[in-house]
Amino acid sequence: MNQYARLLIEAGPLAAFFIANSQAGIMIGTAVFMVAISISVLVSWRFERKVPVMPVVGAGFVLLFGGLTLWLQDDLFIKIKPTLVNLLFAAVLFAAHLTRRNVLKHVLGSVLNLSDAGWRTLAIRWAWFFLLLAALNEVVWRTMTTDAWVNFKVFGIMPLTLLFSAFQAPLILRHQVPEEPPAEKSSTSAS
């Protein structure tokens, strides 16, 4: 799947959430978000023939907290979802670091080839970034209107994540390990 299709599949549910919220409010926006993210995961699976771990975890949280939001008619649940997801990601990365495992390498190892030191540094940076996103989400939903929070969720979190990712390029380049070419078969001629 090309990068534009992947971006559409990943950003589409957020766009649907934003539009539905602006037209019909947070409850309808939440319901649309739940449907859109479910479709997104299914489409991703259909094209890649594998379960995309991060989107599935995110979708699980959206379905759980979106379901609670709709069932209890309380937008608190959808608002705290980003906090809890980011805290979970940070906790997993910190715990993996303490146990000398690298979850990030497992998730991104097919895309990046880094030294062990590079993977460790990248994982710790992402863990701290996830903590920052959790804290920012808490500040925004507690101090601003629901519409302002939705705007932050759609137009704040994703751009911040893309910017943070871009700032990791020097680290990635510094710790990139060149891939070894496949071993050439020695051709022996039978005489």
# chains A, B, ... in the order shown; residues from 1 in each chain; ligands from 1
>>> residues_around(residues="Leu87 in chain A", least_positions_apart="6", cutoff="7 Å", atoms="only C-alpha atoms", output="PyMOL selection string")
chain A and resi 130-131+134
>>> closest_residue(among="A:Trp45, A:Asp147, A:Leu68, A:Thr83", to="Gln23 in chain A", atoms="only C-alpha atoms")
A:Asp147
>>> closest_atom_pairs(of="range 13-103 of chain A", to="range 150-170 of chain A", cutoff="12 Å", atoms="only C-alpha atoms", output="tab-separated table")
residue	atom	partner	partner_atom	distance
A:Pro13	CA	A:Val154	CA	9.9
A:Leu14	CA	A:Val154	CA	6.1
A:Ala15	CA	A:Val154	CA	7.3
A:Ala16	CA	A:Val154	CA	10.1
A:Phe17	CA	A:Val150	CA	8.3
A:Phe18	CA	A:Val150	CA	6.6
A:Ile19	CA	A:Val150	CA	10.0
A:Ala20	CA	A:Val150	CA	10.7
A:Asn21	CA	A:Val150	CA	7.9
A:Ser22	CA	A:Val150	CA	9.0
A:Gly25	CA	A:Val150	CA	10.3
A:Ile26	CA	A:Val150	CA	8.6
A:Gly29	CA	A:Val150	CA	9.6
A:Thr30	CA	A:Val150	CA	10.5
A:Phe33	CA	A:Val150	CA	11.7
A:Asp75	CA	A:Val150	CA	11.2
A:Ile78	CA	A:Val150	CA	10.1
A:Lys79	CA	A:Val150	CA	8.6
A:Ile80	CA	A:Lys153	CA	11.1
A:Lys81	CA	A:Lys153	CA	10.7
A:Pro82	CA	A:Lys153	CA	8.3
A:Thr83	CA	A:Lys153	CA	10.9
A:Asn86	CA	A:Ile157	CA	10.9
>>> write_last_selection(atoms="N, CA, C and O atoms", output="short mmCIF file (atom, residue, chain, number, x, y, z; two decimals), in the first residue's frame")
data_model
loop_
_atom_site.label_atom_id
_atom_site.label_comp_id
_atom_site.auth_asym_id
_atom_site.auth_seq_id
_atom_site.Cartn_x
_atom_site.Cartn_y
_atom_site.Cartn_z
N PRO A 13 -10.54 8.45 9.57
CA PRO A 13 -11.44 8.44 10.72
C PRO A 13 -11.42 9.74 11.52
O PRO A 13 -12.46 10.20 12.00
N LEU A 14 -10.24 10.34 11.66
CA LEU A 14 -10.17 11.63 12.37
C LEU A 14 -10.91 12.72 11.61
O LEU A 14 -11.62 13.54 12.22
N ALA A 15 -10.77 12.74 10.30
CA ALA A 15 -11.48 13.72 9.48
C ALA A 15 -12.98 13.51 9.61
O ALA A 15 -13.75 14.48 9.76
N ALA A 16 -13.43 12.26 9.58
CA ALA A 16 -14.86 11.96 9.73
C ALA A 16 -15.35 12.41 11.10
O ALA A 16 -16.45 12.98 11.23
N PHE A 17 -14.56 12.18 12.14
CA PHE A 17 -14.89 12.60 13.50
C PHE A 17 -15.04 14.12 13.56
O PHE A 17 -16.02 14.65 14.09
N PHE A 18 -14.08 14.83 12.98
CA PHE A 18 -14.11 16.29 12.99
C PHE A 18 -15.35 16.83 12.28
O PHE A 18 -16.06 17.69 12.80
N ILE A 19 -15.62 16.31 11.09
CA ILE A 19 -16.76 16.79 10.30
C ILE A 19 -18.07 16.48 11.00
O ILE A 19 -18.95 17.35 11.13
N ALA A 20 -18.22 15.25 11.48
CA ALA A 20 -19.47 14.87 12.15
C ALA A 20 -19.68 15.67 13.43
O ALA A 20 -20.80 16.10 13.72
N ASN A 21 -18.60 15.90 14.19
CA ASN A 21 -18.72 16.70 15.40
C ASN A 21 -19.14 18.12 15.07
O ASN A 21 -20.00 18.70 15.75
N SER A 22 -18.55 18.71 14.03
CA SER A 22 -18.88 20.10 13.70
C SER A 22 -20.31 20.23 13.18
O SER A 22 -20.94 21.27 13.36
N GLY A 25 -22.45 17.42 16.57
CA GLY A 25 -22.09 17.31 17.99
C GLY A 25 -21.23 16.09 18.31
O GLY A 25 -21.01 15.22 17.47
N ILE A 26 -20.79 16.04 19.55
CA ILE A 26 -19.81 15.04 19.97
C ILE A 26 -20.35 13.62 19.97
O ILE A 26 -19.63 12.68 19.67
N GLY A 29 -20.49 12.59 16.38
CA GLY A 29 -19.09 12.53 15.97
C GLY A 29 -18.41 11.28 16.50
O GLY A 29 -17.65 10.63 15.77
N THR A 30 -18.70 10.91 17.74
CA THR A 30 -18.11 9.71 18.33
C THR A 30 -18.60 8.46 17.61
O THR A 30 -17.80 7.56 17.31
N PHE A 33 -16.89 8.26 14.31
CA PHE A 33 -15.49 7.91 14.54
C PHE A 33 -15.36 6.40 14.74
O PHE A 33 -14.47 5.75 14.17
N ASP A 75 -19.34 12.68 27.39
CA ASP A 75 -18.19 12.83 26.50
C ASP A 75 -16.85 12.73 27.22
O ASP A 75 -15.80 12.73 26.59
N ILE A 78 -14.61 9.74 25.72
CA ILE A 78 -13.90 9.93 24.45
C ILE A 78 -12.78 10.96 24.62
O ILE A 78 -11.75 10.88 23.94
N LYS A 79 -12.95 11.88 25.56
CA LYS A 79 -11.91 12.90 25.80
C LYS A 79 -10.69 12.33 26.50
O LYS A 79 -9.57 12.79 26.26
N ILE A 80 -10.89 11.36 27.39
CA ILE A 80 -9.73 10.80 28.10
C ILE A 80 -9.05 9.67 27.32
O ILE A 80 -7.96 9.24 27.68
N LYS A 81 -9.68 9.21 26.24
CA LYS A 81 -9.09 8.14 25.45
C LYS A 81 -7.67 8.46 24.97
O LYS A 81 -6.76 7.66 25.16
N PRO A 82 -7.42 9.65 24.39
CA PRO A 82 -6.02 9.93 23.97
C PRO A 82 -5.04 9.93 25.14
O PRO A 82 -3.89 9.48 24.98
N THR A 83 -5.48 10.39 26.29
CA THR A 83 -4.60 10.36 27.46
C THR A 83 -4.22 8.94 27.79
O THR A 83 -3.03 8.62 27.98
N ASN A 86 -1.99 7.21 25.07
CA ASN A 86 -0.60 7.69 25.11
C ASN A 86 0.12 7.23 26.37
O ASN A 86 1.31 6.91 26.32
#
>>> residues_around(residues="range 6-10 of chain A", least_positions_apart="4", cutoff="12 Å", atoms="only C-alpha atoms", output="number ranges by chain")
A: 1-2, 14-16, 33, 36-48, 52, 54-56, 58-59, 154, 158, 162
>>> residues_around(residues="Ala117 in chain A", least_positions_apart="2", cutoff="12 Å", atoms="only C-alpha atoms", output="PyMOL selection string")
chain A and resi 97+100-102+105+113-115+119-124+171-172+174-177
>>> write_last_selection(atoms="C-alpha atoms", output="PDB file, in the first residue's frame")
ATOM      1  CA  HIS A  97      13.470  -0.296  28.126  1.00  0.00           C
ATOM      2  CA  ARG A 100      16.088  -4.475  27.907  1.00  0.00           C
ATOM      3  CA  ARG A 101      13.545  -5.334  25.241  1.00  0.00           C
ATOM      4  CA  ASN A 102      12.754  -3.071  22.357  1.00  0.00           C
ATOM      5  CA  LYS A 105      12.249  -2.363  16.967  1.00  0.00           C
ATOM      6  CA  ASN A 113      17.385  -0.794  10.321  1.00  0.00           C
ATOM      7  CA  LEU A 114      19.066   0.846  13.314  1.00  0.00           C
ATOM      8  CA  SER A 115      21.796  -0.038  15.763  1.00  0.00           C
ATOM      9  CA  TRP A 119      16.550   1.798  18.819  1.00  0.00           C
ATOM     10  CA  ARG A 120      16.951   2.408  22.570  1.00  0.00           C
ATOM     11  CA  THR A 121      17.270   6.173  22.138  1.00  0.00           C
ATOM     12  CA  LEU A 122      14.364   6.341  19.696  1.00  0.00           C
ATOM     13  CA  ALA A 123      12.135   4.284  22.014  1.00  0.00           C
ATOM     14  CA  ILE A 124      12.902   6.509  25.022  1.00  0.00           C
ATOM     15  CA  LEU A 171      19.048  10.214  15.131  1.00  0.00           C
ATOM     16  CA  ILE A 172      17.809   7.700  12.573  1.00  0.00           C
ATOM     17  CA  ARG A 174      23.207   8.607  12.684  1.00  0.00           C
ATOM     18  CA  HIS A 175      22.259   5.093  13.868  1.00  0.00           C
ATOM     19  CA  GLN A 176      21.175   3.578  10.573  1.00  0.00           C
ATOM     20  CA  VAL A 177      22.833   0.255   9.854  1.00  0.00           C
TER      21      VAL A 177
END
>>> select_by_dssp(residues="range 52-174 of chain A", states="alpha helix (DSSP H)", output="JSON, numbers by chain")
{"A": [53, 54, 55, 56, 57, 58, 59, 60, 61, 62, 63, 64, 65, 66, 67, 68, 69, 70, 71, 72, 76, 77, 78, 79, 80, 81, 82, 83, 84, 85, 86, 87, 88, 89, 90, 91, 92, 93, 94, 95, 96, 97, 98, 103, 104, 105, 106, 107, 108, 116, 117, 118, 119, 120, 121, 122, 123, 124, 125, 126, 127, 128, 129, 130, 131, 132, 133, 134, 135, 136, 137, 138, 139, 140, 141, 142, 143, 146, 147, 148, 149, 150, 151, 152, 158, 159, 160, 161, 162, 163, 164, 165, 166, 167, 169, 170, 171, 172, 173, 174]}
>>> write_last_selection(atoms="C-alpha atoms", output="CSV table (one decimal), in the first residue's frame")
chain,number,residue,atom,x,y,z
A,53,VAL,CA,-0.9,-3.5,15.6
A,54,MET,CA,-1.0,0.2,16.4
A,55,PRO,CA,-4.2,1.0,14.4
A,56,VAL,CA,-5.9,-2.0,16.0
A,57,VAL,CA,-4.9,-0.9,19.5
A,58,GLY,CA,-6.1,2.6,18.7
A,59,ALA,CA,-9.4,1.3,17.3
A,60,GLY,CA,-9.9,-0.9,20.3
A,61,PHE,CA,-9.6,2.2,22.6
A,62,VAL,CA,-11.9,4.2,20.3
A,63,LEU,CA,-14.5,1.4,20.4
A,64,LEU,CA,-14.3,1.0,24.1
A,65,PHE,CA,-14.3,4.7,25.1
A,66,GLY,CA,-16.6,5.7,22.3
A,67,GLY,CA,-19.0,3.0,23.4
A,68,LEU,CA,-18.9,4.2,27.0
A,69,THR,CA,-19.4,7.8,25.7
A,70,LEU,CA,-22.5,6.8,23.8
A,71,TRP,CA,-23.9,4.4,26.4
A,72,LEU,CA,-23.5,6.8,29.3
A,76,LEU,CA,-15.6,12.4,29.3
A,77,PHE,CA,-14.8,8.9,28.0
A,78,ILE,CA,-13.9,9.9,24.4
A,79,LYS,CA,-11.9,12.9,25.8
A,80,ILE,CA,-9.7,10.8,28.1
A,81,LYS,CA,-9.1,8.1,25.4
A,82,PRO,CA,-6.0,9.9,24.0
A,83,THR,CA,-4.6,10.4,27.5
A,84,LEU,CA,-4.9,6.7,28.3
A,85,VAL,CA,-3.7,5.5,24.9
A,86,ASN,CA,-0.6,7.7,25.1
A,87,LEU,CA,0.0,6.6,28.7
A,88,LEU,CA,-0.2,3.0,27.6
A,89,PHE,CA,2.3,3.5,24.8
A,90,ALA,CA,4.7,5.3,27.1
A,91,ALA,CA,4.4,2.7,29.8
A,92,VAL,CA,5.0,-0.1,27.3
A,93,LEU,CA,8.1,1.6,25.9
A,94,PHE,CA,9.5,2.5,29.4
A,95,ALA,CA,8.8,-1.1,30.7
A,96,ALA,CA,10.5,-2.6,27.6
A,97,HIS,CA,13.5,-0.3,28.1
A,98,LEU,CA,13.8,-1.4,31.8
A,103,VAL,CA,9.1,-3.0,21.3
A,104,LEU,CA,9.7,-0.2,18.8
A,105,LYS,CA,12.2,-2.4,17.0
A,106,HIS,CA,9.7,-5.1,16.8
A,107,VAL,CA,7.0,-2.8,15.4
A,108,LEU,CA,9.2,-0.7,13.0
A,116,ASP,CA,20.6,-1.2,19.2
A,117,ALA,CA,21.7,2.1,20.7
A,118,GLY,CA,19.6,3.9,18.1
A,119,TRP,CA,16.6,1.8,18.8
A,120,ARG,CA,17.0,2.4,22.6
A,121,THR,CA,17.3,6.2,22.1
A,122,LEU,CA,14.4,6.3,19.7
A,123,ALA,CA,12.1,4.3,22.0
A,124,ILE,CA,12.9,6.5,25.0
A,125,ARG,CA,12.3,9.7,23.0
A,126,TRP,CA,8.9,8.3,21.9
A,127,ALA,CA,8.0,7.3,25.4
A,128,TRP,CA,8.6,10.8,26.6
A,129,PHE,CA,6.7,12.2,23.7
A,130,PHE,CA,3.7,10.0,24.5
A,131,LEU,CA,3.8,11.3,28.0
A,132,LEU,CA,3.8,14.9,26.7
A,133,LEU,CA,0.8,14.1,24.4
A,134,ALA,CA,-1.1,12.6,27.4
A,135,ALA,CA,-0.4,15.7,29.5
A,136,LEU,CA,-1.4,18.1,26.6
A,137,ASN,CA,-4.7,16.2,26.1
A,138,GLU,CA,-5.5,16.5,29.8
A,139,VAL,CA,-4.8,20.2,29.8
A,140,VAL,CA,-6.9,20.8,26.6
A,141,TRP,CA,-10.0,18.8,27.5
A,142,ARG,CA,-10.1,20.2,31.1
A,143,THR,CA,-9.7,23.8,30.1
A,146,THR,CA,-15.5,20.2,23.5
A,147,ASP,CA,-15.2,21.7,20.0
A,148,ALA,CA,-11.7,23.2,20.9
A,149,TRP,CA,-10.7,19.7,22.2
A,150,VAL,CA,-11.8,18.1,18.9
A,151,ASN,CA,-9.8,20.7,17.0
A,152,PHE,CA,-6.8,19.9,19.2
A,158,MET,CA,-1.3,14.6,14.4
A,159,PRO,CA,0.8,17.6,13.3
A,160,LEU,CA,2.8,17.4,16.6
A,161,THR,CA,3.4,13.7,16.0
A,162,LEU,CA,4.5,14.3,12.4
A,163,LEU,CA,6.8,17.1,13.6
A,164,PHE,CA,8.3,15.0,16.3
A,165,SER,CA,8.8,12.2,13.8
A,166,ALA,CA,10.6,14.6,11.5
A,167,PHE,CA,12.9,15.7,14.3
A,169,ALA,CA,15.6,12.0,11.3
A,170,PRO,CA,19.1,13.0,12.5
A,171,LEU,CA,19.0,10.2,15.1
A,172,ILE,CA,17.8,7.7,12.6
A,173,LEU,CA,20.5,8.7,10.0
A,174,ARG,CA,23.2,8.6,12.7
>>> atom_distance(atom1="CA of Met144 in chain A", atom2="CA of Asp74 in chain A")
16.1 Å
>>> atom_distance(atom1="CA of Pro178 in chain A", atom2="CA of Lys50 in chain A")
26.5 Å
>>> decode(residues="range 70-96 of chain A", atoms="N, CA and C atoms", output="compact mmCIF listing (two decimals), in the first residue's frame")
# COMPACT_ATOMS: atom_id res chain seq x y z
N LEU A 70 -21.17 6.89 24.31
CA LEU A 70 -22.53 6.80 23.78
C LEU A 70 -23.49 6.16 24.78
N TRP A 71 -23.05 5.10 25.42
CA TRP A 71 -23.91 4.38 26.35
C TRP A 71 -24.28 5.25 27.55
N LEU A 72 -23.29 5.94 28.10
CA LEU A 72 -23.52 6.76 29.29
C LEU A 72 -23.85 8.21 28.96
N GLN A 73 -23.83 8.54 27.64
CA GLN A 73 -24.08 9.92 27.19
C GLN A 73 -23.20 10.92 27.94
N ASP A 74 -21.91 10.58 28.02
CA ASP A 74 -20.93 11.40 28.73
C ASP A 74 -19.66 11.47 27.89
N ASP A 75 -19.34 12.68 27.39
CA ASP A 75 -18.19 12.83 26.50
C ASP A 75 -16.85 12.73 27.22
N LEU A 76 -16.86 12.59 28.53
CA LEU A 76 -15.62 12.43 29.28
C LEU A 76 -14.80 11.25 28.74
N PHE A 77 -15.48 10.17 28.41
CA PHE A 77 -14.77 8.95 28.02
C PHE A 77 -14.00 9.11 26.71
N ILE A 78 -14.61 9.74 25.72
CA ILE A 78 -13.90 9.93 24.45
C ILE A 78 -12.78 10.96 24.62
N LYS A 79 -12.95 11.88 25.56
CA LYS A 79 -11.91 12.90 25.80
C LYS A 79 -10.69 12.33 26.50
N ILE A 80 -10.89 11.36 27.39
CA ILE A 80 -9.73 10.80 28.10
C ILE A 80 -9.05 9.67 27.32
N LYS A 81 -9.68 9.21 26.24
CA LYS A 81 -9.09 8.14 25.45
C LYS A 81 -7.67 8.46 24.97
N PRO A 82 -7.42 9.65 24.39
CA PRO A 82 -6.02 9.93 23.97
C PRO A 82 -5.04 9.93 25.14
N THR A 83 -5.48 10.39 26.29
CA THR A 83 -4.60 10.36 27.46
C THR A 83 -4.22 8.94 27.79
N LEU A 84 -5.21 8.06 27.88
CA LEU A 84 -4.95 6.68 28.27
C LEU A 84 -4.15 5.92 27.21
N VAL A 85 -4.44 6.14 25.94
CA VAL A 85 -3.68 5.47 24.88
C VAL A 85 -2.22 5.90 24.94
N ASN A 86 -1.99 7.21 25.07
CA ASN A 86 -0.60 7.69 25.11
C ASN A 86 0.12 7.23 26.37
N LEU A 87 -0.58 7.16 27.49
CA LEU A 87 0.03 6.63 28.71
C LEU A 87 0.38 5.15 28.55
N LEU A 88 -0.50 4.40 27.89
CA LEU A 88 -0.23 2.99 27.64
C LEU A 88 1.01 2.82 26.77
N PHE A 89 1.09 3.57 25.67
CA PHE A 89 2.26 3.48 24.79
C PHE A 89 3.54 3.86 25.55
N ALA A 90 3.47 4.92 26.33
CA ALA A 90 4.66 5.34 27.10
C ALA A 90 5.05 4.25 28.10
N ALA A 91 4.08 3.70 28.80
CA ALA A 91 4.37 2.66 29.80
C ALA A 91 5.00 1.43 29.15
N VAL A 92 4.47 1.02 28.00
CA VAL A 92 5.02 -0.14 27.30
C VAL A 92 6.47 0.13 26.89
N LEU A 93 6.73 1.32 26.35
CA LEU A 93 8.10 1.64 25.92
C LEU A 93 9.07 1.75 27.10
N PHE A 94 8.62 2.39 28.19
CA PHE A 94 9.49 2.48 29.38
C PHE A 94 9.73 1.10 29.99
N ALA A 95 8.69 0.29 30.10
CA ALA A 95 8.84 -1.06 30.67
C ALA A 95 9.76 -1.91 29.80
N ALA A 96 9.60 -1.81 28.50
CA ALA A 96 10.47 -2.56 27.60
C ALA A 96 11.92 -2.11 27.76
